[in-house]
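Next comes query-v8.cif, a file with mmCIF, C-alpha atoms and all ligand atoms.
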data_final
#
loop_
_atom_site.label_atom_id
_atom_site.label_comp_id
_atom_site.auth_asym_id
_atom_site.auth_seq_id
_atom_site.Cartn_x
_atom_site.Cartn_y
_atom_site.Cartn_z
CA MET K 734 162.26 135.87 115.43
CA LEU K 735 161.75 139.64 115.20
CA ASN K 736 163.33 139.67 111.76
CA ILE K 737 160.88 136.98 110.68
CA LEU K 738 158.00 139.07 112.03
CA ARG K 739 159.33 142.18 110.32
CA ASN K 740 159.86 140.58 106.92
CA ARG K 741 156.80 138.37 106.63
CA ARG K 742 154.27 139.42 103.99
CA SER K 743 151.49 137.48 102.34
CA VAL K 744 152.90 135.94 99.18
CA ARG K 745 150.38 134.92 96.51
CA LYS K 746 152.71 134.33 93.57
CA PHE K 747 155.13 131.45 93.65
CA GLU K 748 158.05 130.15 91.61
CA ASN K 749 157.34 126.98 89.66
CA ARG K 750 159.59 125.01 91.99
CA THR K 751 158.77 122.23 94.41
CA ILE K 752 159.64 122.54 98.08
CA GLU K 753 162.34 120.13 99.23
CA PRO K 754 161.09 117.18 101.36
CA GLU K 755 163.42 118.28 104.22
CA LYS K 756 161.69 121.66 104.34
CA ILE K 757 158.26 120.06 104.26
CA GLU K 758 159.38 117.93 107.21
CA LEU K 759 160.41 121.08 109.12
CA LEU K 760 157.09 122.75 108.30
CA THR K 761 155.32 119.66 109.60
CA GLU K 762 157.34 119.84 112.81
CA ALA K 763 156.32 123.49 113.26
CA LEU K 764 152.67 122.46 112.94
CA VAL K 765 152.76 119.74 115.55
CA ARG K 766 154.81 121.90 117.93
CA SER K 767 151.99 124.44 118.07
CA PRO K 768 150.56 125.03 121.52
CA SER K 769 146.91 124.29 122.20
CA SER K 770 144.53 124.76 125.09
CA ARG K 771 144.96 121.97 127.64
CA SER K 772 147.33 120.33 125.14
CA ILE K 773 144.37 118.66 123.51
CA ASN K 774 145.83 119.33 120.05
CA PRO K 775 142.43 119.37 118.35
CA TRP K 776 144.01 120.22 115.01
CA GLU K 777 144.82 117.94 112.11
CA PHE K 778 146.50 118.91 108.86
CA ILE K 779 146.35 117.72 105.28
CA VAL K 780 149.56 118.46 103.41
CA VAL K 781 148.67 118.61 99.74
CA ASP K 782 151.32 118.52 97.00
CA GLU K 783 149.25 117.14 94.13
CA ARG K 784 148.88 120.06 91.73
CA GLU K 785 145.45 119.04 90.50
CA VAL K 786 144.09 118.79 94.05
CA ILE K 787 145.59 122.21 94.88
CA ARG K 788 143.98 123.66 91.75
CA ARG K 789 140.62 122.35 92.95
CA LEU K 790 141.18 123.80 96.41
CA ALA K 791 141.75 127.15 94.68
CA ARG K 792 138.12 127.01 93.59
CA CYS K 793 136.69 126.30 97.07
CA LYS K 794 135.28 129.81 97.48
CA ALA K 795 134.24 132.74 95.36
CA HIS K 796 137.00 135.19 96.27
CA GLY K 797 140.52 135.06 97.67
CA ALA K 798 141.43 131.42 97.00
CA GLY K 799 142.66 131.72 93.40
CA PHE K 800 146.28 132.30 94.44
CA LEU K 801 146.45 128.69 95.66
CA SER K 802 146.46 127.43 92.08
CA GLY K 803 150.10 128.55 91.69
CA ALA K 804 151.30 127.13 95.01
CA PRO K 805 153.34 123.91 94.99
CA LEU K 806 152.16 123.11 98.51
CA ALA K 807 148.98 123.70 100.47
CA VAL K 808 148.26 122.82 104.08
CA VAL K 809 144.61 122.40 105.02
CA VAL K 810 144.05 123.15 108.71
CA LEU K 811 141.27 121.16 110.37
CA GLY K 812 139.82 121.47 113.87
CA ASP K 813 138.13 118.63 115.73
CA THR K 814 135.08 120.38 117.18
CA SER K 815 134.18 117.27 119.20
CA SER K 816 137.38 117.34 121.25
CA SER K 817 137.90 120.98 122.25
CA ASP K 818 135.93 124.22 122.55
CA THR K 819 139.02 126.20 121.57
CA CYS K 820 139.77 124.46 118.33
CA ILE K 821 139.41 127.65 116.30
CA GLU K 822 142.05 129.38 118.42
CA ASP K 823 144.28 126.31 118.34
CA CYS K 824 143.98 126.00 114.55
CA THR K 825 144.73 129.68 114.11
CA ILE K 826 147.88 129.44 116.20
CA ALA K 827 149.05 126.40 114.21
CA ALA K 828 148.41 128.19 110.92
CA ILE K 829 150.39 131.30 111.82
CA THR K 830 153.15 129.15 113.32
CA LEU K 831 153.38 127.44 109.94
CA GLN K 832 153.58 130.81 108.19
CA TYR K 833 156.39 132.05 110.44
CA ALA K 834 158.26 128.75 110.02
CA ALA K 835 157.87 129.13 106.25
CA GLU K 836 159.32 132.64 106.42
CA SER K 837 162.32 131.29 108.37
CA LEU K 838 162.91 128.78 105.55
CA GLU K 839 162.78 131.50 102.87
CA LEU K 840 159.38 130.32 101.70
CA GLY K 841 156.42 132.56 101.02
CA SER K 842 152.91 131.79 102.19
CA CYS K 843 149.41 133.16 102.35
CA TRP K 844 146.32 132.29 104.36
CA CYS K 845 143.15 131.33 102.52
CA GLN K 846 140.17 131.62 104.86
CA VAL K 847 137.72 128.72 104.49
CA ARG K 848 135.55 128.73 107.61
CA LEU K 849 132.49 131.01 107.14
CA ARG K 850 133.21 131.58 103.44
CA LYS K 851 131.05 130.58 100.48
CA SER K 852 131.56 129.59 96.88
CA GLY K 853 129.76 131.37 94.03
CA ASP K 854 126.82 128.94 94.15
CA GLY K 855 126.24 129.72 97.85
CA LYS K 856 127.70 126.43 99.08
CA ALA K 857 129.93 126.68 102.13
CA ALA K 858 133.61 126.66 101.17
CA GLU K 859 134.11 124.19 104.01
CA GLU K 860 131.77 121.73 102.30
CA ASN K 861 133.69 122.03 99.03
CA VAL K 862 136.96 121.21 100.81
CA ARG K 863 135.31 118.48 102.88
CA ASP K 864 133.94 116.77 99.75
CA LEU K 865 137.21 117.05 97.86
CA LEU K 866 139.44 115.68 100.63
CA LYS K 867 136.92 113.28 102.26
CA ILE K 868 137.04 115.05 105.63
CA PRO K 869 134.69 113.69 108.33
CA ASP K 870 131.80 115.96 109.41
CA HIS K 871 132.97 116.77 112.93
CA TYR K 872 136.00 118.70 111.68
CA LEU K 873 135.83 122.34 110.83
CA VAL K 874 138.02 123.54 107.99
CA GLU K 875 139.69 126.67 109.30
CA CYS K 876 141.92 127.66 106.42
CA ILE K 877 144.33 126.57 103.73
CA ILE K 878 147.88 127.92 103.81
CA GLY K 879 149.45 128.10 100.35
CA LEU K 880 153.25 127.85 100.34
CA GLY K 881 156.12 128.03 97.92
CA TYR K 882 159.25 129.90 96.92
CA PRO K 883 158.22 133.54 96.51
CA GLY K 884 157.52 134.64 92.96
CA GLU K 885 156.94 138.22 94.05
CA GLY K 886 159.01 140.51 96.22
CA LYS K 887 157.13 142.50 98.81
CA LYS K 888 158.57 145.18 101.05
CA PRO K 889 158.16 144.69 104.78
CA HIS K 890 155.60 146.99 106.41
CA SER K 891 157.44 150.11 107.56
CA ARG K 892 157.44 150.96 111.27
CA GLU K 893 155.50 154.16 110.50
CA SER K 894 152.69 152.21 108.84
CA LEU K 895 152.00 150.03 111.91
CA ASP K 896 148.92 150.47 114.15
CA TRP K 897 150.89 151.52 117.23
CA GLY K 898 147.90 153.58 118.41
CA LYS K 899 145.90 150.42 119.06
CA VAL K 900 148.11 149.51 122.01
CA TYR K 901 147.24 151.12 125.35
CA ARG K 902 148.90 151.36 128.74
CA ASN K 903 147.10 150.35 131.92
CA LYS K 904 143.61 151.37 130.74
CA TYR K 905 141.71 151.47 127.52
CA GLY K 906 142.54 154.43 125.28
CA ASN K 907 145.62 155.51 127.26
C1 LIG L 1001 142.37 135.29 109.23
C2 LIG L 1001 142.94 135.67 107.90
C3 LIG L 1001 142.25 135.36 106.75
C4 LIG L 1001 142.80 135.68 105.49
N1 LIG L 1001 142.15 135.28 104.36
C5 LIG L 1001 142.73 135.48 103.16
C6 LIG L 1001 142.13 134.95 102.00
O1 LIG L 1001 141.11 134.26 102.03
N2 LIG L 1001 142.74 135.19 100.79
C7 LIG L 1001 143.90 135.93 100.71
O2 LIG L 1001 144.39 136.11 99.58
N3 LIG L 1001 144.50 136.45 101.81
C8 LIG L 1001 143.95 136.23 103.02
N4 LIG L 1001 144.57 136.68 104.17
C9 LIG L 1001 145.81 137.45 104.07
C10 LIG L 1001 145.55 138.93 104.39
O3 LIG L 1001 144.86 139.51 103.28
C11 LIG L 1001 146.87 139.64 104.67
O4 LIG L 1001 147.48 139.04 105.80
C12 LIG L 1001 146.66 141.12 104.92
O5 LIG L 1001 146.24 141.77 103.76
C13 LIG L 1001 147.96 141.80 105.40
O6 LIG L 1001 149.00 141.64 104.44
P1 LIG L 1001 150.39 140.96 104.84
O7 LIG L 1001 150.08 139.55 105.31
O8 LIG L 1001 151.22 141.00 103.61
O9 LIG L 1001 150.97 141.76 105.97
C14 LIG L 1001 144.04 136.37 105.41
C15 LIG L 1001 144.74 136.67 106.59
C16 LIG L 1001 144.20 136.32 107.81
C17 LIG L 1001 145.00 136.61 109.06
#
Could I get this structure in the form of structure tokens?
Amino acid sequence: MLNILRNRRSVRKFENRTIEPEKIELLTEALVRSPSSRSINPWEFIVVDEREVIRRLARCKAHGAGFLSGAPLAVVVLGDTSSSDTCIEDCTIAAITLQYAAESLELGSCWCQVRLRKSGDGKAAEENVRDLLKIPDHYLVECIIGLGYPGEGKKPHSRESLDWGKVYRNKYGN
């Protein structure tokens, strides 16, 4: 696990290669194994492998979604706001669990934030995704995780570059 944490970087360029169905199955398992408050599991996921749909998702917001257009797989993370008051936290945990599982399977991934973001015309990115994928209104769209075989090599963050000084002992600032 620590090696996965050490090696993971956001990957935004992908090989033109589909992900094997067995790996997609394992990624799916990682998603539904995610913990959630009171085990309500307020998350739902749309696994998208249709290139044209992914290309449209890449246009859901003005900045930071373009990388999705080169990803062979995208997972849209939804939270059911009507069933839990912690669905943002639960969705976030599921999304990062997916990213770590991807790393363990030698896949690259990157988070595309959707909630609170806007497209160039001022429309909420969530609405763009909702319209495209026919998502009911009571779900929030937290993020889209783009996945694929890495098409770029990125060095792990060095130990020296980490924010060790943000961790305190026993009281703030210590
Ligand atoms: C909550 C969250 C939102 C993010 N949103 C985006 C995004 O919209 N587009 C993008 O390209 N990267 C996004 N990222 C990836 C970050 O830019 C990236 O994790 C950060 O620069 C650190 O780089 P690393 O993941 O390689 O360590 C997001 C990451 C997080 C955790």
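The shortest atom-to-atom distance to ligand LIG 1001 (chain L), with only C-alpha atoms and all ligand atoms taken into account, belongs to K:Ile877 out of K:Leu764, K:Leu790, K:Ile877, K:Ile757.
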Subject >> Cut-off 6 Å, all atoms listed in the file, neighbours of ligand LIG 1001 (chain L) as an NGL selection string >> reply: :K and (742-743 or 797-798 or 843-846)
Original post:
At most 12 Å from (151.7, 125.8, 99.9), file frame, all atoms listed in the file: which residues, as a PyMOL selection string?
Top reply: chain K and resi 743-752+756-757+760+779-784+786-788+790-791+800-810+828+831-832+835+840-845+876-883
For the residues in that selection, give me C-alpha atoms as an mmCIF file, in the coordinates of the input.
data_model
loop_
_atom_site.group_PDB
_atom_site.id
_atom_site.type_symbol
_atom_site.label_atom_id
_atom_site.label_comp_id
_atom_site.auth_asym_id
_atom_site.auth_seq_id
_atom_site.Cartn_x
_atom_site.Cartn_y
_atom_site.Cartn_z
ATOM 1 C CA SER K 743 151.490 137.480 102.340
ATOM 2 C CA VAL K 744 152.900 135.940 99.180
ATOM 3 C CA ARG K 745 150.380 134.920 96.510
ATOM 4 C CA LYS K 746 152.710 134.330 93.570
ATOM 5 C CA PHE K 747 155.130 131.450 93.650
ATOM 6 C CA GLU K 748 158.050 130.150 91.610
ATOM 7 C CA ASN K 749 157.340 126.980 89.660
ATOM 8 C CA ARG K 750 159.590 125.010 91.990
ATOM 9 C CA THR K 751 158.770 122.230 94.410
ATOM 10 C CA ILE K 752 159.640 122.540 98.080
ATOM 11 C CA LYS K 756 161.690 121.660 104.340
ATOM 12 C CA ILE K 757 158.260 120.060 104.260
ATOM 13 C CA LEU K 760 157.090 122.750 108.300
ATOM 14 C CA ILE K 779 146.350 117.720 105.280
ATOM 15 C CA VAL K 780 149.560 118.460 103.410
ATOM 16 C CA VAL K 781 148.670 118.610 99.740
ATOM 17 C CA ASP K 782 151.320 118.520 97.000
ATOM 18 C CA GLU K 783 149.250 117.140 94.130
ATOM 19 C CA ARG K 784 148.880 120.060 91.730
ATOM 20 C CA VAL K 786 144.090 118.790 94.050
ATOM 21 C CA ILE K 787 145.590 122.210 94.880
ATOM 22 C CA ARG K 788 143.980 123.660 91.750
ATOM 23 C CA LEU K 790 141.180 123.800 96.410
ATOM 24 C CA ALA K 791 141.750 127.150 94.680
ATOM 25 C CA PHE K 800 146.280 132.300 94.440
ATOM 26 C CA LEU K 801 146.450 128.690 95.660
ATOM 27 C CA SER K 802 146.460 127.430 92.080
ATOM 28 C CA GLY K 803 150.100 128.550 91.690
ATOM 29 C CA ALA K 804 151.300 127.130 95.010
ATOM 30 C CA PRO K 805 153.340 123.910 94.990
ATOM 31 C CA LEU K 806 152.160 123.110 98.510
ATOM 32 C CA ALA K 807 148.980 123.700 100.470
ATOM 33 C CA VAL K 808 148.260 122.820 104.080
ATOM 34 C CA VAL K 809 144.610 122.400 105.020
ATOM 35 C CA VAL K 810 144.050 123.150 108.710
ATOM 36 C CA ALA K 828 148.410 128.190 110.920
ATOM 37 C CA LEU K 831 153.380 127.440 109.940
ATOM 38 C CA GLN K 832 153.580 130.810 108.190
ATOM 39 C CA ALA K 835 157.870 129.130 106.250
ATOM 40 C CA LEU K 840 159.380 130.320 101.700
ATOM 41 C CA GLY K 841 156.420 132.560 101.020
ATOM 42 C CA SER K 842 152.910 131.790 102.190
ATOM 43 C CA CYS K 843 149.410 133.160 102.350
ATOM 44 C CA TRP K 844 146.320 132.290 104.360
ATOM 45 C CA CYS K 845 143.150 131.330 102.520
ATOM 46 C CA CYS K 876 141.920 127.660 106.420
ATOM 47 C CA ILE K 877 144.330 126.570 103.730
ATOM 48 C CA ILE K 878 147.880 127.920 103.810
ATOM 49 C CA GLY K 879 149.450 128.100 100.350
ATOM 50 C CA LEU K 880 153.250 127.850 100.340
ATOM 51 C CA GLY K 881 156.120 128.030 97.920
ATOM 52 C CA TYR K 882 159.250 129.900 96.920
ATOM 53 C CA PRO K 883 158.220 133.540 96.510
#
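Candidate residues K:Arg789, K:Asp818, K:Ser837, K:Ala795 were compared for distance to Ser770 in chain K, and the nearest is K:Asp818, using only C-alpha atoms.
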Around all the atoms of range 755-770 of chain K listed in the file, with 6 Å of room on each side, what axis-aligned box do you get, giving centre and edge lengths in Å to one decimal, as AutoDock Vina command-line options?
--center_x 154.0 --center_y 121.5 --center_z 114.7 --size_x 30.9 --size_y 19.1 --size_z 32.9
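With CA of Val847 in chain K on one side and CA of His796 in chain K on the other, the separation reads 10.5 Å.
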Subject >> Counting only C-alpha atoms, the residue of K:Arg850, K:Lys899, K:Arg863, K:His871 that sits nearest Cys820 in chain K >> reply: K:His871
**OP:** With a distance cut-off of 6 Å and all atoms listed in the file, select the neighbouring residues of Val874 in chain K, excluding the residue or stretch itself and same-chain residues fewer than 3 positions from it, and output the selection as a VMD selection string.
**Re:** chain K and resid 811 848 859
